[in-house]
Protein chains: 2
Amino acid sequence: MATDIADPAPQPSYPPVAIDVAALTALLDGDHAEVRNLVRTNLAAYASILEEQEHLDRAAFRERVKEVVVEMAATGQTGMGFPKEYGGGGDVGASFAAFETLALGDLSVLVKVGVQFGLFGGAILQLGTKRHHDRYLADLITGRLMGCFAMTETGHGSNVQALGTVATYDAEAGEFVITTTEPDANKDYIGNAAAHAELAVVFAQLEVAGPDQTMEGHGVHAFVVPIRVDGKPAPGVRIEDDGLKMGLNGVDNGRLWFDGVRVPREALLNRFADVSEDGTYSSDIDNPNRRFFTMLGTLVQGRVCVGGAGINASKVALAIAIRYALKRRQFEATSDEQEELLLDYGQHQRRLLPLLAHTYALHFAQEVVAGQCHRVFSGEIAEDADGQKFRRELESRAAGTKALGTWHATRTIQECREACGGAGYLAENRFAALKADTDVFTTFEGDNTVLLQLVAKGLLTDYSSEFEEMDQLGMVRFVAGLAVETVVERTSVHKLFERVRDLLPGGDQWDQEAGVLDSDYQLAMLRFREEHILGGVARRLKRGIDSGMNPGTVFSRVQDHVIHAARAHVERLVLEAFVDKVRAMPQDGDQGDNRVALGLLCDLHALSLIEADRAWFMEHGRLTVVRSKEISRRIGSLCRRVRPLAHDLVDAFGIPEEMLRARDLIE
Amino acid sequence: MATDIADPAPQPSYPPVAIDVAALTALLDGDHAEVRNLVRTNLAAYASILEEQEHLDRAAFRERVKEVVVEMAATGQTGMGFPKEYGGGGDVGASFAAFETLALGDLSVLVKVGVQFGLFGGAILQLGTKRHHDRYLADLITGRLMGCFAMTETGHGSNVQALGTVATYDAEAGEFVITTTEPDANKDYIGNAAAHAELAVVFAQLEVAGPDQTMEGHGVHAFVVPIRVDGKPAPGVRIEDDGLKMGLNGVDNGRLWFDGVRVPREALLNRFADVSEDGTYSSDIDNPNRRFFTMLGTLVQGRVCVGGAGINASKVALAIAIRYALKRRQFEATSDEQEELLLDYGQHQRRLLPLLAHTYALHFAQEVVAGQCHRVFSGEIAEDADGQKFRRELESRAAGTKALGTWHATRTIQECREACGGAGYLAENRFAALKADTDVFTTFEGDNTVLLQLVAKGLLTDYSSEFEEMDQLGMVRFVAGLAVETVVERTSVHKLFERVRDLLPGGDQWDQEAGVLDSDYQLAMLRFREEHILGGVARRLKRGIDSGMNPGTVFSRVQDHVIHAARAHVERLVLEAFVDKVRAMPQDGDQGDNRVALGLLCDLHALSLIEADRAWFMEHGRLTVVRSKEISRRIGSLCRRVRPLAHDLVDAFGIPEEMLRARDLIE
């Protein structure tokens, strides 16, 4: 029988590990320590916002958040991703680092920054051309010009292609006419819309009269539309406040209706398509779906940012909960004299330490996706077919990391709150705001479930461009076709074994002969799972279609496997990132102990992932009962080894003490 | 290979089910339809509180909540559990029904009611004697006299026996002197303390001079202490506001310090122990631990109430999310003409419908525990040994149902919010308050993890009284003793098979031959798991102690199994309650279809539980891979069968439409 008792207390073979906290922080900060430290300084300088969030009324708090955002902008912190000629930092990678670090503080400030510089500014930069850049960038980078990103409508969030707002070209006047055509086609949840934005980037169905004068639809395009003049709604624009929200009440979300609002022809953000004065539509991208996804693809930075924000918000929660567990005692346990520290309870270690390990793993995975995104937007990736594939893989990775990072935030903050008991419920201890503010991260910049479907779509088609250009229904119908045959072949058990064999010796017994603490074993397990589930999805889709079932019904029935496949894929990417990081660290010298510590965390992360899905591994013959129990035991033992390192491991996040706030809890 | 495609669309063998919603509501309401309807009427009458919660400032909202509580009290709703001679309803069961139903509305009102009538009033009633009843009950039942329940301290929440507040008897003056003796020994998180309470029931270490004049401690006792006179803190009492909380901001939580506050000898709530004028301590219960747990035991009603509240708050979230999913469409799937309803997506069914099934299951489990509690407090249970055991089992069941019911609320409300996307994030759609207000349910009236340990303790000792009287460290040390031998013997696989065989034919193959939709199979699985884990815990504890390990260390290592054993036990009780309910329904007549519908839900509930822990069942040889996959498939198929019934199933909860509030989402 499995026993946790068999593993004795700290073993002599495990030398004590002494973490070099500063060096570990440097490792986490990576290439962007400078900008991260700038943000840390700014966060500390504006720490009072955490209290102001509690006692200012909504209108005043919105103004205060705007003020902080503009003042932070003046330090250069928020403009890192814009070209230098307009006053930006010219470093996309630094912009991710800055944004992530900002997530250690008040999240209304973070989201306001995301709206203004990421969504609004990003749309102008990525979808516009020089005329838009010259006109807007310098002002928006300083925050003198505030704008919003008006994509989502009440009726359509995930399905952006079905938006109801229409922009009709009036050739005579040389203007576009923007109209909210139907109920529920108003823009909704638009940050900066309720109070501060002068301009909106409005996504609307472009309609232009064809040669025979009947209107032709060209799909969704983006237009710069003034929505507020001298603080009042612009003519034809109706603005409604979204009112109180669960959190993020320093951001002024609102609704917008357009009643025949006229903007000049030049208001079209025309990087990918244009309309000539006489009303001729032109685009370098012929396929309308591909054009649409190309436009959306340029907005991938938002997802990279939100994923990183979720991961960093988790760090704050963990720092508080772990330091609390190292101060708080309750019940006598090992001693009659003194009550036991919470973190010396096995269950408490089990609650918190795997989450700490996942947070490190996600941090390094985020570093990879941010790095790739930097390369794409710095022009390091060619425009050829390989470059296209790189971009699609990046989009998929960004979607997947965003989904896992934000779900991780929701779960981690909740667990940390509960682990701090009643004290965790008081607003002064940060969990209230952390929970409420991050809750919508799983929804915005793409609902997580929808994002994982996007990931699965990429996997099923091996990122072929034909598939990318399809909408969801098209994708489902496509499953009867050849691409799926390819997946089925690629993921046959025979092929999977072949690939695993390259990674791990042991032949068909690889999964039983390797040690559970061998990273190659852990990676092989995740790779096997990913491909096997994916093959299962492809086979199920094909069988359903072949049997004559409605493609939508087939998709609905297989949907949980689709999501599982995507999650398995992203989890594999995350583990790879962590393993790569640890392997690249020097074994000797100052950082040797840090490598040991991260190795423990990496094992804890990997085994926790396998344990969480061990039923699947057993169902598919890749985990024996004996080994499954061994893994659970190992997790307990790893938790005990990480326990003495826990304080240093959260200190290494480099969270300004002011941001922890929970004075009574942790000091 | 397992496939979800093999199970075709609605099968001819499944006749359509037509739910009689009114009859189902009557079934759910049970014996207390009248009081539940009274509360529904009151909730609708005070529906404006849901908006007031948003726009009133904290001080004004507290006053408004107090006002609503007092007005509701005037309808008799909140006094159901008190004796009729003081103006109460004389019906403990009705008090649970009233409280649960109140959880459909604003939860500050609920918690204020719980504090005033449950905790404060309950302590006076259960721990006091006639002199206290005569003096306080009539006034507190009407809300003219507000009080608080001052047990928890900053330093001690779960470990109540270690409280630091001291009450010393001064025989000369015939008074107790109440003192906050050390930092962190102040009372904290005390509802009603910051603004409204005149009196506090204060839990303190009683010290009385012994024959030789040295002070003797008698453990924690409760005293009635005036804390506020004419709206000002009473002399010697310091009151601090706990400030803003994550939620429940209509309840005035605060901290209390006592600096030699004198109260007359009669202020001791002396049902279980007394101090005579000359300073002689006496109690009918000799063992101090047993006395302490007997006192605490009388407060079990609070846990019953909170569990029920969590379950009912979940109903509100599910009603909104399911009705939203029956209105909201997104993406074309089965049709080119129209987008698909969210609830027609397999993944969406998987997210929401098992939670609906669990909610029904927990509702019926709550009915059982509330019924047992009613019997105990109505004097139907004798005071003999059997009666004692019944009480201890009730305490365990109440603790377990509270833990599972409140974790269910946290999980369900979160899932429902995410399932409503951005709209779910707006305050007007109720999730904001539901999430924030219920979040502390997992903590108050006993931290869930600690409660599950209590459940496990009862199981390990078969509710023997010796064991009940032990503190945690005592319990751990006890494991070396005989009681564990009994558990080890009782839970041997041989014995487990014997017991399962009585339930289910099929000999040692019972788990492979029964149909997965056979309730006896489902129950046998849960029973087997419960006892097997429990036996494992006992063996692990014994082996650890035998090997000379520190008992606290042993406990820490086994703690996750302890929690798992308790959870398995409570899940079995919950399933039993649901199965019993369905079996008792008539097969024919008007309710026949309702029985079919609940049968589907019960299967969905049971199989979802088994699926969630299927790794354990496989690890312990009770689930083959084939059957495990079959169960997952069955869940998908049950979801599709429940799908057309979903609207009726949430309507049957009888939630006043005003409480759903999410007008735009669901209409």
# chains A, B, ... in the order shown; residues from 1 in each chain; ligands from 1
$ residues_around --residues "stretch 297-314 of chain A" --least-positions-apart "6" --cutoff "8 Å" --atoms "only C-alpha atoms" --output "PyMOL selection string"
chain A and resi 96+99-104+114+118-119+122-123+126-127+359+362-363+366+369-370+373+395+398-399+401-406+408-409+412-413+434+438+441+445-446
$ write_last_selection --atoms "C-alpha atoms" --output "PDB file, in the first residue's frame"
ATOM      1  CA  PHE A  96       5.309  43.306 -22.167  1.00  0.00           C
ATOM      2  CA  PHE A  99       2.750  45.687 -18.417  1.00  0.00           C
ATOM      3  CA  GLU A 100       3.281  42.443 -16.529  1.00  0.00           C
ATOM      4  CA  THR A 101       5.055  44.229 -13.715  1.00  0.00           C
ATOM      5  CA  LEU A 102       2.272  46.771 -13.489  1.00  0.00           C
ATOM      6  CA  ALA A 103      -0.032  43.860 -12.622  1.00  0.00           C
ATOM      7  CA  LEU A 104       1.599  43.745  -9.195  1.00  0.00           C
ATOM      8  CA  GLY A 114      -3.981  48.253 -21.542  1.00  0.00           C
ATOM      9  CA  GLY A 118      -2.414  48.414 -25.927  1.00  0.00           C
ATOM     10  CA  LEU A 119      -5.841  48.315 -27.522  1.00  0.00           C
ATOM     11  CA  GLY A 122      -2.060  49.237 -30.733  1.00  0.00           C
ATOM     12  CA  ALA A 123      -4.928  49.428 -33.222  1.00  0.00           C
ATOM     13  CA  GLN A 126      -0.927  48.064 -36.262  1.00  0.00           C
ATOM     14  CA  LEU A 127      -4.019  48.649 -38.387  1.00  0.00           C
ATOM     15  CA  THR A 359       3.386  30.281 -11.239  1.00  0.00           C
ATOM     16  CA  LEU A 362       3.879  30.089 -16.335  1.00  0.00           C
ATOM     17  CA  HIS A 363       6.310  32.946 -15.796  1.00  0.00           C
ATOM     18  CA  GLN A 366       5.152  33.810 -20.688  1.00  0.00           C
ATOM     19  CA  VAL A 369       5.638  33.901 -25.843  1.00  0.00           C
ATOM     20  CA  ALA A 370       6.556  37.508 -25.120  1.00  0.00           C
ATOM     21  CA  CYS A 373       5.922  38.273 -30.048  1.00  0.00           C
ATOM     22  CA  GLU A 395      -1.167  33.504 -32.034  1.00  0.00           C
ATOM     23  CA  ALA A 398      -0.570  33.574 -26.954  1.00  0.00           C
ATOM     24  CA  ALA A 399      -4.181  32.383 -26.832  1.00  0.00           C
ATOM     25  CA  THR A 401      -0.965  31.047 -22.415  1.00  0.00           C
ATOM     26  CA  LYS A 402      -3.604  33.707 -21.848  1.00  0.00           C
ATOM     27  CA  ALA A 403      -6.227  31.052 -21.082  1.00  0.00           C
ATOM     28  CA  LEU A 404      -4.058  29.040 -18.708  1.00  0.00           C
ATOM     29  CA  GLY A 405      -2.474  32.093 -17.102  1.00  0.00           C
ATOM     30  CA  THR A 406      -5.787  33.746 -16.319  1.00  0.00           C
ATOM     31  CA  HIS A 408      -4.461  30.059 -12.935  1.00  0.00           C
ATOM     32  CA  ALA A 409      -4.943  33.546 -11.510  1.00  0.00           C
ATOM     33  CA  THR A 412      -4.643  30.793  -7.180  1.00  0.00           C
ATOM     34  CA  ILE A 413      -6.106  33.985  -5.773  1.00  0.00           C
ATOM     35  CA  LEU A 434      -7.232  41.026  -6.562  1.00  0.00           C
ATOM     36  CA  THR A 438      -8.822  39.728 -12.141  1.00  0.00           C
ATOM     37  CA  PHE A 441      -9.341  38.264 -17.229  1.00  0.00           C
ATOM     38  CA  GLU A 445      -9.227  39.593 -24.880  1.00  0.00           C
ATOM     39  CA  GLY A 446     -11.017  36.362 -25.792  1.00  0.00           C
TER      40      GLY A 446
END
$ select_by_dssp --residues "stretch 170-242 of chain A" --states "strand (DSSP E)" --output "ChimeraX atom specification"
/A:170,175-180,187-190,199-209,215-226,228-229,232-233,237-241
$ closest_residue --among "B:Ala138, B:Gly210, B:Asp278, B:Glu71" --to "B:Glu172" --atoms "only C-alpha atoms"
B:Asp278
$ residues_around --residues "stretch 419-430 of chain B" --least-positions-apart "5" --cutoff "6 Å" --atoms "only C-alpha atoms" --output "list of chain:residue names"
A:Leu244, A:Lys245, A:Met246, A:Thr443, B:Ala662
$ residues_around --residues "stretch 589-601 of chain A" --least-positions-apart "6" --cutoff "8 Å" --atoms "only C-alpha atoms" --output "PyMOL selection string"
chain A and resi 17-20+23-24+354+356-357+360+582+638+641-642+645
$ write_last_selection --atoms "N, CA and C atoms" --output "PDB file, in the first residue's frame"
ATOM      1  N   VAL A  17      19.414  23.835   0.633  1.00  0.00           N
ATOM      2  CA  VAL A  17      19.522  24.727  -0.519  1.00  0.00           C
ATOM      3  C   VAL A  17      19.460  26.163  -0.016  1.00  0.00           C
ATOM      4  N   ALA A  18      20.408  26.981  -0.443  1.00  0.00           N
ATOM      5  CA  ALA A  18      20.397  28.393  -0.046  1.00  0.00           C
ATOM      6  C   ALA A  18      20.148  29.239  -1.289  1.00  0.00           C
ATOM      7  N   ILE A  19      18.957  29.779  -1.378  1.00  0.00           N
ATOM      8  CA  ILE A  19      18.606  30.555  -2.563  1.00  0.00           C
ATOM      9  C   ILE A  19      19.278  31.928  -2.523  1.00  0.00           C
ATOM     10  N   ASP A  20      19.841  32.318  -3.649  1.00  0.00           N
ATOM     11  CA  ASP A  20      20.343  33.683  -3.820  1.00  0.00           C
ATOM     12  C   ASP A  20      19.190  34.488  -4.416  1.00  0.00           C
ATOM     13  N   ALA A  23      19.807  37.018  -7.278  1.00  0.00           N
ATOM     14  CA  ALA A  23      20.121  36.365  -8.546  1.00  0.00           C
ATOM     15  C   ALA A  23      18.880  35.734  -9.165  1.00  0.00           C
ATOM     16  N   LEU A  24      18.015  35.215  -8.312  1.00  0.00           N
ATOM     17  CA  LEU A  24      16.797  34.603  -8.830  1.00  0.00           C
ATOM     18  C   LEU A  24      15.866  35.666  -9.410  1.00  0.00           C
ATOM     19  N   PRO A 354       2.212  23.677  -4.953  1.00  0.00           N
ATOM     20  CA  PRO A 354       2.077  23.416  -6.395  1.00  0.00           C
ATOM     21  C   PRO A 354       1.645  24.678  -7.165  1.00  0.00           C
ATOM     22  N   LEU A 356       2.542  27.662  -6.425  1.00  0.00           N
ATOM     23  CA  LEU A 356       3.778  28.428  -6.560  1.00  0.00           C
ATOM     24  C   LEU A 356       4.614  27.880  -7.725  1.00  0.00           C
ATOM     25  N   ALA A 357       4.693  26.566  -7.805  1.00  0.00           N
ATOM     26  CA  ALA A 357       5.450  25.943  -8.895  1.00  0.00           C
ATOM     27  C   ALA A 357       4.823  26.278 -10.251  1.00  0.00           C
ATOM     28  N   TYR A 360       5.776  29.823 -11.294  1.00  0.00           N
ATOM     29  CA  TYR A 360       7.108  29.895 -11.908  1.00  0.00           C
ATOM     30  C   TYR A 360       7.074  29.357 -13.339  1.00  0.00           C
ATOM     31  N   VAL A 582      15.558  25.755 -16.670  1.00  0.00           N
ATOM     32  CA  VAL A 582      16.375  25.126 -15.627  1.00  0.00           C
ATOM     33  C   VAL A 582      17.641  24.525 -16.244  1.00  0.00           C
ATOM     34  N   LEU A 638       8.141  16.456  -2.416  1.00  0.00           N
ATOM     35  CA  LEU A 638       8.650  17.698  -3.018  1.00  0.00           C
ATOM     36  C   LEU A 638       8.134  18.918  -2.254  1.00  0.00           C
ATOM     37  N   ARG A 641      10.224  19.509   0.623  1.00  0.00           N
ATOM     38  CA  ARG A 641      11.543  20.060   0.288  1.00  0.00           C
ATOM     39  C   ARG A 641      11.447  21.534  -0.118  1.00  0.00           C
ATOM     40  N   VAL A 642      10.338  21.910  -0.730  1.00  0.00           N
ATOM     41  CA  VAL A 642      10.178  23.308  -1.146  1.00  0.00           C
ATOM     42  C   VAL A 642       9.823  24.188   0.059  1.00  0.00           C
ATOM     43  N   LEU A 645      12.091  26.743   1.382  1.00  0.00           N
ATOM     44  CA  LEU A 645      12.503  27.724   0.378  1.00  0.00           C
ATOM     45  C   LEU A 645      11.383  28.712   0.042  1.00  0.00           C
TER      46      LEU A 645
END
$ closest_residue --among "B:Arg634, B:Lys629, B:Lys66, B:Arg543" --to "B:Ala606" --atoms "only C-alpha atoms"
B:Arg634
$ interface_residues --of "chain B" --to "chain A" --cutoff "6 Å" --atoms "only C-alpha atoms" --output "number ranges by chain"
B: 5, 159, 244-246, 331, 333-334, 345-347, 421, 425-427, 432, 443, 473, 544, 552, 556-557, 559-560, 615, 619, 625
$ select_by_dssp --residues "stretch 69-136 of chain B" --states "helix (DSSP H, G or I)" --output "JSON, numbers by chain"
{"B": [69, 70, 71, 72, 73, 74, 77, 78, 79, 84, 85, 86, 92, 93, 94, 95, 96, 97, 98, 99, 100, 101, 102, 107, 108, 109, 110, 111, 112, 113, 114, 115, 116, 117, 118, 119, 120, 121, 122, 123, 124, 125, 126, 127, 130, 131, 132, 133, 134, 135, 136]}
$ closest_residue --among "B:Glu175, B:Asp520, B:Asp106, B:Asp259" --to "B:Asn42" --atoms "only C-alpha atoms"
B:Asp106
$ residues_around --residues "B:Val650" --least-positions-apart "4" --cutoff "10 Å" --atoms "only C-alpha atoms" --output "list in words"
Val21, Thr25, Lys315, Val316, Ala317, Leu318, Ala319, Ile320, Ala321, Ile322, Arg323, Leu356, Tyr360, Leu645, Ala646, Gly654 and Ile655 of chain B
$ residues_around --residues "A:Leu496" --least-positions-apart "3" --cutoff "9 Å" --atoms "only C-alpha atoms" --output "list in words"
Arg490, Thr491, Ser492, Val493, Arg499, Val500, Arg501, Arg527, Phe528, Glu531 and His532 of chain A
$ write_last_selection --atoms "C-alpha atoms" --output "mmCIF file, in the first residue's frame"
data_model
loop_
_atom_site.group_PDB
_atom_site.id
_atom_site.type_symbol
_atom_site.label_atom_id
_atom_site.label_comp_id
_atom_site.auth_asym_id
_atom_site.auth_seq_id
_atom_site.Cartn_x
_atom_site.Cartn_y
_atom_site.Cartn_z
ATOM 1 C CA ARG A 490 0.484 11.649 -37.283
ATOM 2 C CA THR A 491 -1.065 10.773 -33.944
ATOM 3 C CA SER A 492 -1.308 7.029 -34.380
ATOM 4 C CA VAL A 493 0.058 5.258 -31.327
ATOM 5 C CA ARG A 499 8.666 10.103 -31.389
ATOM 6 C CA VAL A 500 8.860 9.429 -27.691
ATOM 7 C CA ARG A 501 11.643 6.937 -28.321
ATOM 8 C CA ARG A 527 3.660 15.052 -25.381
ATOM 9 C CA PHE A 528 2.119 11.633 -25.617
ATOM 10 C CA GLU A 531 -0.965 14.017 -29.486
ATOM 11 C CA HIS A 532 -3.117 11.121 -28.401
#
$ atom_distance --atom1 "atom CA of A:Ala26" --atom2 "atom CA of A:Arg375"
21.8 Å
$ atom_distance --atom1 "atom CA of B:Leu573" --atom2 "atom CA of B:Ala365"
7.1 Å
$ residues_around --residues "stretch 142-150 of chain B" --least-positions-apart "2" --cutoff "6 Å" --atoms "only C-alpha atoms" --output "list in words"
Val70, Ala73, Leu119, Phe120, Asp139, Leu140, Ile190, Asn192, Ala197, Glu198, Leu199, Ala200, Val201 and Val202 of chain B
$ write_last_selection --atoms "N, CA and C atoms" --output "mmCIF file, in the first residue's frame"
data_model
loop_
_atom_site.group_PDB
_atom_site.id
_atom_site.type_symbol
_atom_site.label_atom_id
_atom_site.label_comp_id
_atom_site.auth_asym_id
_atom_site.auth_seq_id
_atom_site.Cartn_x
_atom_site.Cartn_y
_atom_site.Cartn_z
ATOM 1 N N VAL B 70 -34.910 44.225 10.731
ATOM 2 C CA VAL B 70 -35.900 44.449 11.782
ATOM 3 C C VAL B 70 -37.322 44.344 11.214
ATOM 4 N N ALA B 73 -38.104 40.820 10.667
ATOM 5 C CA ALA B 73 -38.342 40.170 11.961
ATOM 6 C C ALA B 73 -39.798 40.335 12.383
ATOM 7 N N LEU B 119 -26.499 33.426 15.817
ATOM 8 C CA LEU B 119 -25.334 33.377 16.703
ATOM 9 C C LEU B 119 -25.624 34.009 18.060
ATOM 10 N N PHE B 120 -26.012 35.262 18.038
ATOM 11 C CA PHE B 120 -26.267 35.951 19.315
ATOM 12 C C PHE B 120 -27.483 35.322 20.018
ATOM 13 N N ASP B 139 -36.841 40.696 23.401
ATOM 14 C CA ASP B 139 -36.297 41.889 22.751
ATOM 15 C C ASP B 139 -35.385 41.574 21.577
ATOM 16 N N LEU B 140 -34.634 40.503 21.708
ATOM 17 C CA LEU B 140 -33.735 40.227 20.585
ATOM 18 C C LEU B 140 -34.487 39.646 19.397
ATOM 19 N N ILE B 190 -16.184 40.366 14.189
ATOM 20 C CA ILE B 190 -17.439 40.117 14.888
ATOM 21 C C ILE B 190 -18.574 40.919 14.239
ATOM 22 N N ASN B 192 -22.035 42.751 13.663
ATOM 23 C CA ASN B 192 -22.860 43.593 14.535
ATOM 24 C C ASN B 192 -22.029 44.391 15.543
ATOM 25 N N ALA B 197 -24.460 46.459 17.836
ATOM 26 C CA ALA B 197 -24.718 45.614 18.999
ATOM 27 C C ALA B 197 -24.640 46.388 20.308
ATOM 28 N N GLU B 198 -25.619 46.138 21.182
ATOM 29 C CA GLU B 198 -25.517 46.626 22.555
ATOM 30 C C GLU B 198 -24.805 45.606 23.420
ATOM 31 N N LEU B 199 -25.103 44.347 23.156
ATOM 32 C CA LEU B 199 -24.539 43.265 23.967
ATOM 33 C C LEU B 199 -23.626 42.397 23.123
ATOM 34 N N ALA B 200 -22.694 41.751 23.798
ATOM 35 C CA ALA B 200 -21.893 40.717 23.144
ATOM 36 C C ALA B 200 -21.927 39.465 24.010
ATOM 37 N N VAL B 201 -22.075 38.329 23.357
ATOM 38 C CA VAL B 201 -21.788 37.076 24.060
ATOM 39 C C VAL B 201 -20.297 36.838 23.856
ATOM 40 N N VAL B 202 -19.545 36.986 24.948
ATOM 41 C CA VAL B 202 -18.078 36.935 24.865
ATOM 42 C C VAL B 202 -17.575 35.582 25.356
#
$ decode --residues "stretch 190-195 of chain B" --atoms "all heavy atoms" --output "mmCIF file, in the first residue's frame"
data_model
loop_
_atom_site.group_PDB
_atom_site.id
_atom_site.type_symbol
_atom_site.label_atom_id
_atom_site.label_comp_id
_atom_site.auth_asym_id
_atom_site.auth_seq_id
_atom_site.Cartn_x
_atom_site.Cartn_y
_atom_site.Cartn_z
ATOM 1 N N ILE B 190 -16.184 40.366 14.189
ATOM 2 C CA ILE B 190 -17.439 40.117 14.888
ATOM 3 C C ILE B 190 -18.574 40.919 14.239
ATOM 4 O O ILE B 190 -18.580 42.156 14.291
ATOM 5 C CB ILE B 190 -17.308 40.507 16.382
ATOM 6 C CG1 ILE B 190 -16.054 39.867 17.001
ATOM 7 C CG2 ILE B 190 -18.568 40.117 17.136
ATOM 8 C CD1 ILE B 190 -15.994 38.361 16.953
ATOM 9 N N GLY B 191 -19.523 40.214 13.643
ATOM 10 C CA GLY B 191 -20.662 40.859 12.997
ATOM 11 C C GLY B 191 -21.531 41.569 14.019
ATOM 12 O O GLY B 191 -21.744 41.054 15.121
ATOM 13 N N ASN B 192 -22.035 42.751 13.663
ATOM 14 C CA ASN B 192 -22.860 43.593 14.535
ATOM 15 C C ASN B 192 -22.029 44.391 15.543
ATOM 16 O O ASN B 192 -22.580 45.214 16.266
ATOM 17 C CB ASN B 192 -23.904 42.775 15.331
ATOM 18 C CG ASN B 192 -25.292 42.879 14.710
ATOM 19 O OD1 ASN B 192 -25.482 43.575 13.717
ATOM 20 N ND2 ASN B 192 -26.266 42.178 15.286
ATOM 21 N N ALA B 193 -20.717 44.128 15.623
ATOM 22 C CA ALA B 193 -19.922 44.779 16.672
ATOM 23 C C ALA B 193 -19.575 46.218 16.323
ATOM 24 O O ALA B 193 -19.509 47.081 17.200
ATOM 25 C CB ALA B 193 -18.640 43.988 16.937
ATOM 26 N N ALA B 194 -19.344 46.497 15.040
ATOM 27 C CA ALA B 194 -18.805 47.812 14.690
ATOM 28 C C ALA B 194 -19.824 48.929 14.864
ATOM 29 O O ALA B 194 -19.449 50.077 15.097
ATOM 30 C CB ALA B 194 -18.270 47.804 13.264
ATOM 31 N N ALA B 195 -21.121 48.608 14.756
ATOM 32 C CA ALA B 195 -22.109 49.693 14.796
ATOM 33 C C ALA B 195 -23.332 49.409 15.673
ATOM 34 O O ALA B 195 -23.785 50.289 16.390
ATOM 35 C CB ALA B 195 -22.579 50.022 13.378
#
